[in-house]
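Listing of upload37.cif; format and content: mmCIF, N, CA and C atoms.
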data_upload
#
loop_
_atom_site.label_atom_id
_atom_site.label_comp_id
_atom_site.auth_asym_id
_atom_site.auth_seq_id
_atom_site.Cartn_x
_atom_site.Cartn_y
_atom_site.Cartn_z
N PRO C 1 6.90 4.86 24.34
CA PRO C 1 6.43 5.58 23.17
C PRO C 1 6.24 4.63 21.98
N ILE C 2 5.30 4.98 21.16
CA ILE C 2 5.03 4.22 19.94
C ILE C 2 5.47 5.09 18.76
N TYR C 3 6.40 4.56 17.94
CA TYR C 3 6.95 5.35 16.85
C TYR C 3 6.50 4.89 15.47
N GLU C 4 6.20 3.63 15.31
CA GLU C 4 5.86 3.10 13.99
C GLU C 4 4.50 3.63 13.55
N SER C 5 4.44 4.19 12.35
CA SER C 5 3.21 4.83 11.89
C SER C 5 2.04 3.86 11.77
N LEU C 6 2.28 2.64 11.31
CA LEU C 6 1.18 1.69 11.19
C LEU C 6 0.67 1.25 12.55
N THR C 7 1.56 1.14 13.52
CA THR C 7 1.14 0.81 14.88
C THR C 7 0.32 1.96 15.45
N CYS C 8 0.75 3.18 15.18
CA CYS C 8 -0.01 4.36 15.63
C CYS C 8 -1.41 4.38 15.01
N ALA C 9 -1.49 4.06 13.72
CA ALA C 9 -2.80 4.04 13.05
C ALA C 9 -3.72 3.01 13.68
N LEU C 10 -3.19 1.83 13.97
CA LEU C 10 -4.01 0.80 14.63
C LEU C 10 -4.41 1.22 16.04
N PHE C 11 -3.50 1.89 16.74
CA PHE C 11 -3.83 2.38 18.08
C PHE C 11 -5.01 3.35 18.01
N VAL C 12 -4.95 4.30 17.10
CA VAL C 12 -6.04 5.28 16.96
C VAL C 12 -7.34 4.56 16.58
N ASP C 13 -7.23 3.60 15.67
CA ASP C 13 -8.40 2.83 15.26
C ASP C 13 -9.03 2.11 16.46
N GLU C 14 -8.21 1.43 17.23
CA GLU C 14 -8.73 0.68 18.37
C GLU C 14 -9.23 1.61 19.48
N ARG C 15 -8.55 2.72 19.66
CA ARG C 15 -8.93 3.68 20.70
C ARG C 15 -10.29 4.30 20.44
N HIS C 16 -10.60 4.55 19.16
CA HIS C 16 -11.85 5.24 18.82
C HIS C 16 -12.92 4.31 18.25
N ARG C 17 -12.63 3.02 18.19
CA ARG C 17 -13.60 2.05 17.65
C ARG C 17 -14.90 2.11 18.45
N GLY C 18 -15.99 2.25 17.73
CA GLY C 18 -17.30 2.27 18.37
C GLY C 18 -17.69 3.61 18.95
N SER C 19 -16.81 4.61 18.86
CA SER C 19 -17.12 5.91 19.45
C SER C 19 -17.99 6.77 18.53
N GLY C 20 -18.05 6.39 17.26
CA GLY C 20 -18.78 7.21 16.30
C GLY C 20 -17.96 8.36 15.75
N GLU C 21 -16.74 8.51 16.24
CA GLU C 21 -15.88 9.61 15.80
C GLU C 21 -15.27 9.35 14.43
N MET C 22 -15.08 8.08 14.08
CA MET C 22 -14.48 7.73 12.80
C MET C 22 -14.88 6.31 12.42
N ALA C 23 -14.88 6.05 11.12
CA ALA C 23 -15.15 4.69 10.65
C ALA C 23 -13.93 3.83 10.98
N PRO C 24 -14.12 2.57 11.29
CA PRO C 24 -12.97 1.72 11.62
C PRO C 24 -12.05 1.53 10.42
N LEU C 25 -10.75 1.57 10.68
CA LEU C 25 -9.76 1.35 9.63
C LEU C 25 -9.66 -0.13 9.27
N VAL C 26 -9.85 -0.99 10.26
CA VAL C 26 -9.93 -2.43 10.03
C VAL C 26 -11.39 -2.80 10.29
N PRO C 27 -12.09 -3.25 9.26
CA PRO C 27 -13.53 -3.52 9.41
C PRO C 27 -13.82 -4.60 10.45
N THR C 28 -15.02 -4.55 11.00
CA THR C 28 -15.44 -5.58 11.94
C THR C 28 -15.90 -6.84 11.21
N ASP C 29 -16.32 -6.70 9.96
CA ASP C 29 -16.71 -7.87 9.16
C ASP C 29 -15.45 -8.70 8.89
N PRO C 30 -15.45 -10.00 9.25
CA PRO C 30 -14.25 -10.82 9.09
C PRO C 30 -13.73 -10.91 7.65
N PHE C 31 -14.63 -10.99 6.68
CA PHE C 31 -14.20 -11.07 5.27
C PHE C 31 -13.53 -9.77 4.84
N GLU C 32 -14.15 -8.63 5.14
CA GLU C 32 -13.56 -7.34 4.79
C GLU C 32 -12.23 -7.14 5.51
N ALA C 33 -12.17 -7.53 6.77
CA ALA C 33 -10.92 -7.39 7.54
C ALA C 33 -9.81 -8.24 6.91
N ALA C 34 -10.16 -9.43 6.44
CA ALA C 34 -9.16 -10.30 5.80
C ALA C 34 -8.64 -9.68 4.50
N ILE C 35 -9.51 -9.03 3.74
CA ILE C 35 -9.09 -8.37 2.51
C ILE C 35 -8.12 -7.23 2.83
N VAL C 36 -8.46 -6.43 3.84
CA VAL C 36 -7.60 -5.32 4.24
C VAL C 36 -6.24 -5.86 4.71
N ARG C 37 -6.25 -6.89 5.52
CA ARG C 37 -4.98 -7.45 6.01
C ARG C 37 -4.15 -8.04 4.87
N SER C 38 -4.81 -8.63 3.89
CA SER C 38 -4.09 -9.16 2.73
C SER C 38 -3.38 -8.05 1.98
N ALA C 39 -4.04 -6.91 1.82
CA ALA C 39 -3.41 -5.77 1.14
C ALA C 39 -2.23 -5.26 1.95
N VAL C 40 -2.38 -5.15 3.25
CA VAL C 40 -1.30 -4.66 4.11
C VAL C 40 -0.11 -5.63 4.06
N ASP C 41 -0.38 -6.92 4.03
CA ASP C 41 0.70 -7.91 3.94
C ASP C 41 1.51 -7.75 2.66
N LEU C 42 0.87 -7.33 1.59
CA LEU C 42 1.57 -7.17 0.31
C LEU C 42 2.52 -5.98 0.32
N VAL C 43 2.27 -5.00 1.17
CA VAL C 43 3.11 -3.81 1.20
C VAL C 43 4.57 -4.19 1.44
N GLY C 44 4.81 -5.08 2.37
CA GLY C 44 6.17 -5.48 2.68
C GLY C 44 6.87 -6.19 1.53
N THR C 45 6.10 -6.75 0.60
CA THR C 45 6.72 -7.48 -0.50
C THR C 45 7.26 -6.56 -1.59
N PHE C 46 6.77 -5.31 -1.67
CA PHE C 46 7.30 -4.45 -2.73
C PHE C 46 8.20 -3.33 -2.24
N THR C 47 8.40 -3.23 -0.94
CA THR C 47 9.32 -2.23 -0.42
C THR C 47 10.75 -2.50 -0.88
N GLY C 48 11.21 -3.73 -0.75
CA GLY C 48 12.57 -4.10 -1.18
C GLY C 48 12.79 -3.87 -2.67
N PRO C 49 11.89 -4.38 -3.53
CA PRO C 49 12.07 -4.14 -4.96
C PRO C 49 12.03 -2.65 -5.33
N MET C 50 11.25 -1.85 -4.61
CA MET C 50 11.23 -0.41 -4.91
C MET C 50 12.57 0.23 -4.58
N TYR C 51 13.08 -0.06 -3.40
CA TYR C 51 14.39 0.50 -3.04
C TYR C 51 15.49 -0.05 -3.95
N GLY C 52 15.41 -1.35 -4.26
CA GLY C 52 16.41 -1.94 -5.15
C GLY C 52 16.42 -1.29 -6.52
N THR C 53 15.25 -1.01 -7.05
CA THR C 53 15.15 -0.35 -8.36
C THR C 53 15.68 1.07 -8.28
N LEU C 54 15.35 1.76 -7.21
CA LEU C 54 15.79 3.15 -7.06
C LEU C 54 17.30 3.25 -6.86
N LYS C 55 17.87 2.33 -6.10
CA LYS C 55 19.30 2.39 -5.79
C LYS C 55 20.20 1.73 -6.83
N ASN C 56 19.62 1.01 -7.75
CA ASN C 56 20.41 0.27 -8.75
C ASN C 56 21.31 1.19 -9.57
N ARG C 57 22.55 0.77 -9.74
CA ARG C 57 23.51 1.51 -10.57
C ARG C 57 24.00 0.67 -11.75
N ASP C 58 23.45 -0.53 -11.89
CA ASP C 58 23.87 -1.43 -12.96
C ASP C 58 22.80 -1.46 -14.06
N PRO C 59 23.03 -0.81 -15.19
CA PRO C 59 22.04 -0.78 -16.27
C PRO C 59 21.60 -2.16 -16.73
N ALA C 60 22.48 -3.16 -16.60
CA ALA C 60 22.13 -4.51 -17.03
C ALA C 60 21.04 -5.12 -16.14
N LYS C 61 20.88 -4.63 -14.93
CA LYS C 61 19.87 -5.15 -14.01
C LYS C 61 18.58 -4.34 -14.01
N ALA C 62 18.56 -3.20 -14.68
CA ALA C 62 17.43 -2.28 -14.61
C ALA C 62 16.11 -2.93 -15.04
N ALA C 63 16.10 -3.60 -16.16
CA ALA C 63 14.86 -4.21 -16.66
C ALA C 63 14.37 -5.31 -15.72
N GLU C 64 15.27 -6.10 -15.21
CA GLU C 64 14.90 -7.19 -14.30
C GLU C 64 14.31 -6.63 -13.00
N LEU C 65 14.94 -5.60 -12.45
CA LEU C 65 14.45 -4.98 -11.23
C LEU C 65 13.09 -4.32 -11.44
N LYS C 66 12.94 -3.64 -12.57
CA LYS C 66 11.66 -3.01 -12.88
C LYS C 66 10.57 -4.06 -13.01
N ALA C 67 10.84 -5.15 -13.70
CA ALA C 67 9.84 -6.21 -13.86
C ALA C 67 9.45 -6.82 -12.53
N ALA C 68 10.42 -7.03 -11.65
CA ALA C 68 10.13 -7.60 -10.33
C ALA C 68 9.26 -6.65 -9.52
N LEU C 69 9.58 -5.38 -9.58
CA LEU C 69 8.79 -4.37 -8.87
C LEU C 69 7.37 -4.31 -9.41
N LEU C 70 7.21 -4.23 -10.72
CA LEU C 70 5.87 -4.13 -11.31
C LEU C 70 5.05 -5.39 -11.03
N SER C 71 5.72 -6.52 -10.93
CA SER C 71 5.02 -7.76 -10.58
C SER C 71 4.44 -7.68 -9.17
N LYS C 72 5.22 -7.15 -8.24
CA LYS C 72 4.75 -7.01 -6.86
C LYS C 72 3.60 -6.02 -6.77
N VAL C 73 3.74 -4.88 -7.43
CA VAL C 73 2.66 -3.89 -7.44
C VAL C 73 1.43 -4.48 -8.13
N GLY C 74 1.65 -5.30 -9.13
CA GLY C 74 0.55 -5.96 -9.84
C GLY C 74 -0.26 -6.88 -8.94
N ARG C 75 0.40 -7.49 -7.97
CA ARG C 75 -0.33 -8.34 -7.02
C ARG C 75 -1.29 -7.51 -6.17
N LEU C 76 -0.86 -6.32 -5.76
CA LEU C 76 -1.75 -5.44 -5.00
C LEU C 76 -2.88 -4.94 -5.90
N GLU C 77 -2.55 -4.59 -7.13
CA GLU C 77 -3.58 -4.17 -8.09
C GLU C 77 -4.61 -5.28 -8.29
N ALA C 78 -4.16 -6.53 -8.42
CA ALA C 78 -5.07 -7.66 -8.61
C ALA C 78 -5.98 -7.84 -7.40
N LEU C 79 -5.44 -7.64 -6.20
CA LEU C 79 -6.26 -7.73 -5.00
C LEU C 79 -7.36 -6.67 -5.03
N TYR C 80 -7.00 -5.46 -5.43
CA TYR C 80 -8.01 -4.40 -5.54
C TYR C 80 -9.03 -4.73 -6.63
N GLU C 81 -8.55 -5.21 -7.75
CA GLU C 81 -9.44 -5.55 -8.87
C GLU C 81 -10.45 -6.62 -8.46
N ALA C 82 -9.99 -7.63 -7.74
CA ALA C 82 -10.85 -8.75 -7.38
C ALA C 82 -11.76 -8.46 -6.19
N ASN C 83 -11.35 -7.56 -5.32
CA ASN C 83 -12.07 -7.41 -4.06
C ASN C 83 -12.61 -6.02 -3.77
N GLN C 84 -12.39 -5.06 -4.64
CA GLN C 84 -12.83 -3.71 -4.34
C GLN C 84 -14.34 -3.72 -4.10
N LEU C 85 -14.73 -3.30 -2.94
CA LEU C 85 -16.12 -3.38 -2.53
C LEU C 85 -16.83 -2.06 -2.76
N GLY C 86 -17.94 -2.07 -3.40
CA GLY C 86 -18.79 -0.89 -3.52
C GLY C 86 -18.42 0.08 -4.62
N GLY C 87 -17.37 -0.17 -5.36
CA GLY C 87 -17.06 0.67 -6.51
C GLY C 87 -16.45 2.02 -6.21
N GLY C 88 -16.13 2.32 -4.97
CA GLY C 88 -15.48 3.59 -4.66
C GLY C 88 -14.00 3.53 -4.96
N PRO C 89 -13.29 4.57 -4.61
CA PRO C 89 -11.86 4.64 -4.93
C PRO C 89 -10.96 3.80 -4.01
N TYR C 90 -11.53 3.29 -2.92
CA TYR C 90 -10.73 2.57 -1.93
C TYR C 90 -11.04 1.08 -1.97
N LEU C 91 -10.24 0.30 -1.28
CA LEU C 91 -10.46 -1.14 -1.23
C LEU C 91 -11.85 -1.46 -0.68
N LEU C 92 -12.30 -0.69 0.28
CA LEU C 92 -13.63 -0.90 0.87
C LEU C 92 -14.68 -0.01 0.24
N GLY C 93 -14.46 0.40 -0.98
CA GLY C 93 -15.44 1.24 -1.68
C GLY C 93 -15.24 2.70 -1.35
N GLU C 94 -16.17 3.27 -0.62
CA GLU C 94 -16.11 4.70 -0.26
C GLU C 94 -15.34 4.94 1.03
N ARG C 95 -14.96 3.87 1.73
CA ARG C 95 -14.28 4.01 3.03
C ARG C 95 -12.80 3.74 2.91
N MET C 96 -12.00 4.70 3.32
CA MET C 96 -10.56 4.47 3.40
C MET C 96 -10.30 3.49 4.54
N SER C 97 -9.29 2.66 4.37
CA SER C 97 -9.01 1.65 5.39
C SER C 97 -7.53 1.64 5.76
N TYR C 98 -7.20 0.73 6.63
CA TYR C 98 -5.82 0.50 7.04
C TYR C 98 -4.94 0.16 5.84
N ALA C 99 -5.52 -0.46 4.82
CA ALA C 99 -4.76 -0.80 3.61
C ALA C 99 -4.19 0.45 2.95
N GLU C 100 -5.01 1.45 2.75
CA GLU C 100 -4.53 2.69 2.12
C GLU C 100 -3.52 3.42 3.01
N ILE C 101 -3.76 3.39 4.31
CA ILE C 101 -2.81 4.03 5.23
C ILE C 101 -1.45 3.33 5.16
N ALA C 102 -1.47 2.02 4.94
CA ALA C 102 -0.22 1.27 4.90
C ALA C 102 0.57 1.53 3.62
N PHE C 103 -0.09 1.57 2.47
CA PHE C 103 0.69 1.63 1.23
C PHE C 103 0.68 2.97 0.51
N ALA C 104 -0.29 3.82 0.74
CA ALA C 104 -0.36 5.08 -0.02
C ALA C 104 0.88 5.96 0.16
N PRO C 105 1.35 6.21 1.38
CA PRO C 105 2.54 7.07 1.50
C PRO C 105 3.75 6.49 0.79
N LEU C 106 3.94 5.20 0.92
CA LEU C 106 5.07 4.53 0.28
C LEU C 106 4.97 4.62 -1.25
N LEU C 107 3.79 4.29 -1.77
CA LEU C 107 3.63 4.34 -3.23
C LEU C 107 3.79 5.75 -3.78
N PHE C 108 3.21 6.73 -3.13
CA PHE C 108 3.31 8.10 -3.63
C PHE C 108 4.76 8.58 -3.63
N ARG C 109 5.50 8.22 -2.59
CA ARG C 109 6.92 8.60 -2.54
C ARG C 109 7.69 7.96 -3.69
N PHE C 110 7.42 6.68 -3.93
CA PHE C 110 8.14 5.99 -4.99
C PHE C 110 7.66 6.36 -6.39
N VAL C 111 6.43 6.76 -6.53
CA VAL C 111 5.97 7.26 -7.84
C VAL C 111 6.82 8.48 -8.21
N ALA C 112 6.97 9.39 -7.27
CA ALA C 112 7.76 10.59 -7.54
C ALA C 112 9.24 10.25 -7.76
N SER C 113 9.80 9.43 -6.91
CA SER C 113 11.23 9.11 -7.00
C SER C 113 11.56 8.32 -8.25
N LEU C 114 10.79 7.27 -8.51
CA LEU C 114 11.10 6.43 -9.68
C LEU C 114 10.80 7.16 -10.98
N SER C 115 9.77 7.99 -11.00
CA SER C 115 9.49 8.78 -12.20
C SER C 115 10.65 9.72 -12.51
N HIS C 116 11.17 10.33 -11.48
CA HIS C 116 12.25 11.29 -11.68
C HIS C 116 13.59 10.60 -12.00
N PHE C 117 13.94 9.58 -11.21
CA PHE C 117 15.27 8.98 -11.34
C PHE C 117 15.34 7.79 -12.29
N ARG C 118 14.22 7.12 -12.53
CA ARG C 118 14.25 5.93 -13.37
C ARG C 118 13.34 6.03 -14.59
N GLY C 119 12.57 7.09 -14.69
CA GLY C 119 11.77 7.33 -15.89
C GLY C 119 10.51 6.49 -16.02
N PHE C 120 10.03 5.92 -14.91
CA PHE C 120 8.77 5.19 -14.96
C PHE C 120 8.08 5.27 -13.60
N SER C 121 6.78 5.03 -13.62
CA SER C 121 6.00 5.01 -12.39
C SER C 121 5.65 3.56 -12.05
N PRO C 122 5.75 3.18 -10.78
CA PRO C 122 5.36 1.82 -10.41
C PRO C 122 3.85 1.59 -10.57
N LEU C 123 3.11 2.66 -10.79
CA LEU C 123 1.66 2.55 -10.97
C LEU C 123 1.24 2.65 -12.43
N GLU C 124 2.20 2.58 -13.35
CA GLU C 124 1.88 2.78 -14.76
C GLU C 124 0.87 1.78 -15.30
N SER C 125 0.80 0.61 -14.74
CA SER C 125 -0.20 -0.36 -15.19
C SER C 125 -1.08 -0.81 -14.02
N ALA C 126 -1.36 0.11 -13.11
CA ALA C 126 -2.18 -0.21 -11.94
C ALA C 126 -3.22 0.89 -11.72
N PRO C 127 -4.24 0.97 -12.56
CA PRO C 127 -5.21 2.07 -12.45
C PRO C 127 -6.05 2.04 -11.17
N LYS C 128 -6.21 0.90 -10.55
CA LYS C 128 -7.00 0.83 -9.31
C LYS C 128 -6.25 1.44 -8.13
N LEU C 129 -4.92 1.47 -8.23
CA LEU C 129 -4.14 2.03 -7.13
C LEU C 129 -3.95 3.51 -7.32
#

This entry written out as structure tokens:
Amino acid sequence: PIYESLTCALFVDERHRGSGEMAPLVPTDPFEAAIVRSAVDLVGTFTGPMYGTLKNRDPAKAAELKAALLSKVGRLEALYEANQLGGGPYLLGERMSYAEIAFAPLLFRFVASLSHFRGFSPLESAPKL
């Protein structure tokens, strides 16, 4: 059995690639695919800072943890700013990709959690996300 959601998404993408049933989540164009993979690689860099900020009980560390988290989210925002193709809401313009599947659930969960428990959103200075 396959349990990891990102592995499942890639399985579905590869299973239906070329069938006409859905647009590919990882583009066939090497440049576009590299952009998508770069965004997915960044997801792992902000998971730890998000949990660290949420679980922190030391007020003296709050500002440092928040800054570290916003810096990581800022890197993803910069990738979108520099590479967003076609002007749509997604990294590939009008097409949702593996990048959004990788980070959207995580970001939305942390937007709600951090807004409620820490009084800020990790997307407060990331309008592209």

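When DSSP reads the backbone of this structure, the residues of chain C it assigns to strand (DSSP E or B) are Tyr90, Leu92, Gly93 and Arg95 of chain C.
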
Next item on the list: Mind listing the helix (DSSP H, G or I) residues of range 6-113 of chain C, per DSSP on the backbone, as a PyMOL selection string?
Entry: chain C and resi 6-16+30-55+59-83+98-113

Checklist line | Atom pair CA of Gly48 in chain C / atom C of Leu69 in chain C: separation (Å) | finding: 9.7 Å

Notebook entry, point to check: So how far away is CA of Thr45 in chain C from CA of Ala63 in chain C, in Å?
Noted result: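 We find that CA of Ala63 in chain C and CA of Thr45 in chain C lie 18.4 Å from each other.
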
Proximity check range 69-120 of chain C to range 6-22 of chain C, 8 Å, nearest pairs one decimal Å, only N, CA and C atoms, as JSON lines:
{"residue": "C:Tyr98", "atom": "CA", "partner": "C:Ala9", "partner_atom": "C", "distance": 7.4}
{"residue": "C:Ile101", "atom": "C", "partner": "C:Leu6", "partner_atom": "CA", "distance": 6.8}
{"residue": "C:Ala102", "atom": "CA", "partner": "C:Leu6", "partner_atom": "CA", "distance": 6.5}

Grab the residues selected above and save them as a short mmCIF file (atom, residue, chain, number, x, y, z; two decimals), in the coordinates of the input with N, CA and C atoms.
data_model
loop_
_atom_site.label_atom_id
_atom_site.label_comp_id
_atom_site.auth_asym_id
_atom_site.auth_seq_id
_atom_site.Cartn_x
_atom_site.Cartn_y
_atom_site.Cartn_z
N TYR C 98 -7.20 0.73 6.63
CA TYR C 98 -5.82 0.50 7.04
C TYR C 98 -4.94 0.16 5.84
N ILE C 101 -3.76 3.39 4.31
CA ILE C 101 -2.81 4.03 5.23
C ILE C 101 -1.45 3.33 5.16
N ALA C 102 -1.47 2.02 4.94
CA ALA C 102 -0.22 1.27 4.90
C ALA C 102 0.57 1.53 3.62
#

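Closest approach to Met50 in chain C among C:Leu91, C:Leu70, C:Leu76, C:Leu25: C:Leu70, based on only C-alpha atoms.
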
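Rounded to one decimal, CA of Thr28 in chain C and atom C of Glu100 in chain C lie 17.4 Å from each other.
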
Margin query: I want to know what sits within 9 Å of Pro122 in chain C, based on only C-alpha atoms, with residues of the same chain fewer than 6 positions away left out; could you give that as a ChimeraX atom specification?
Written below: /C:50,66,69-70,73,107,110-111,114-115
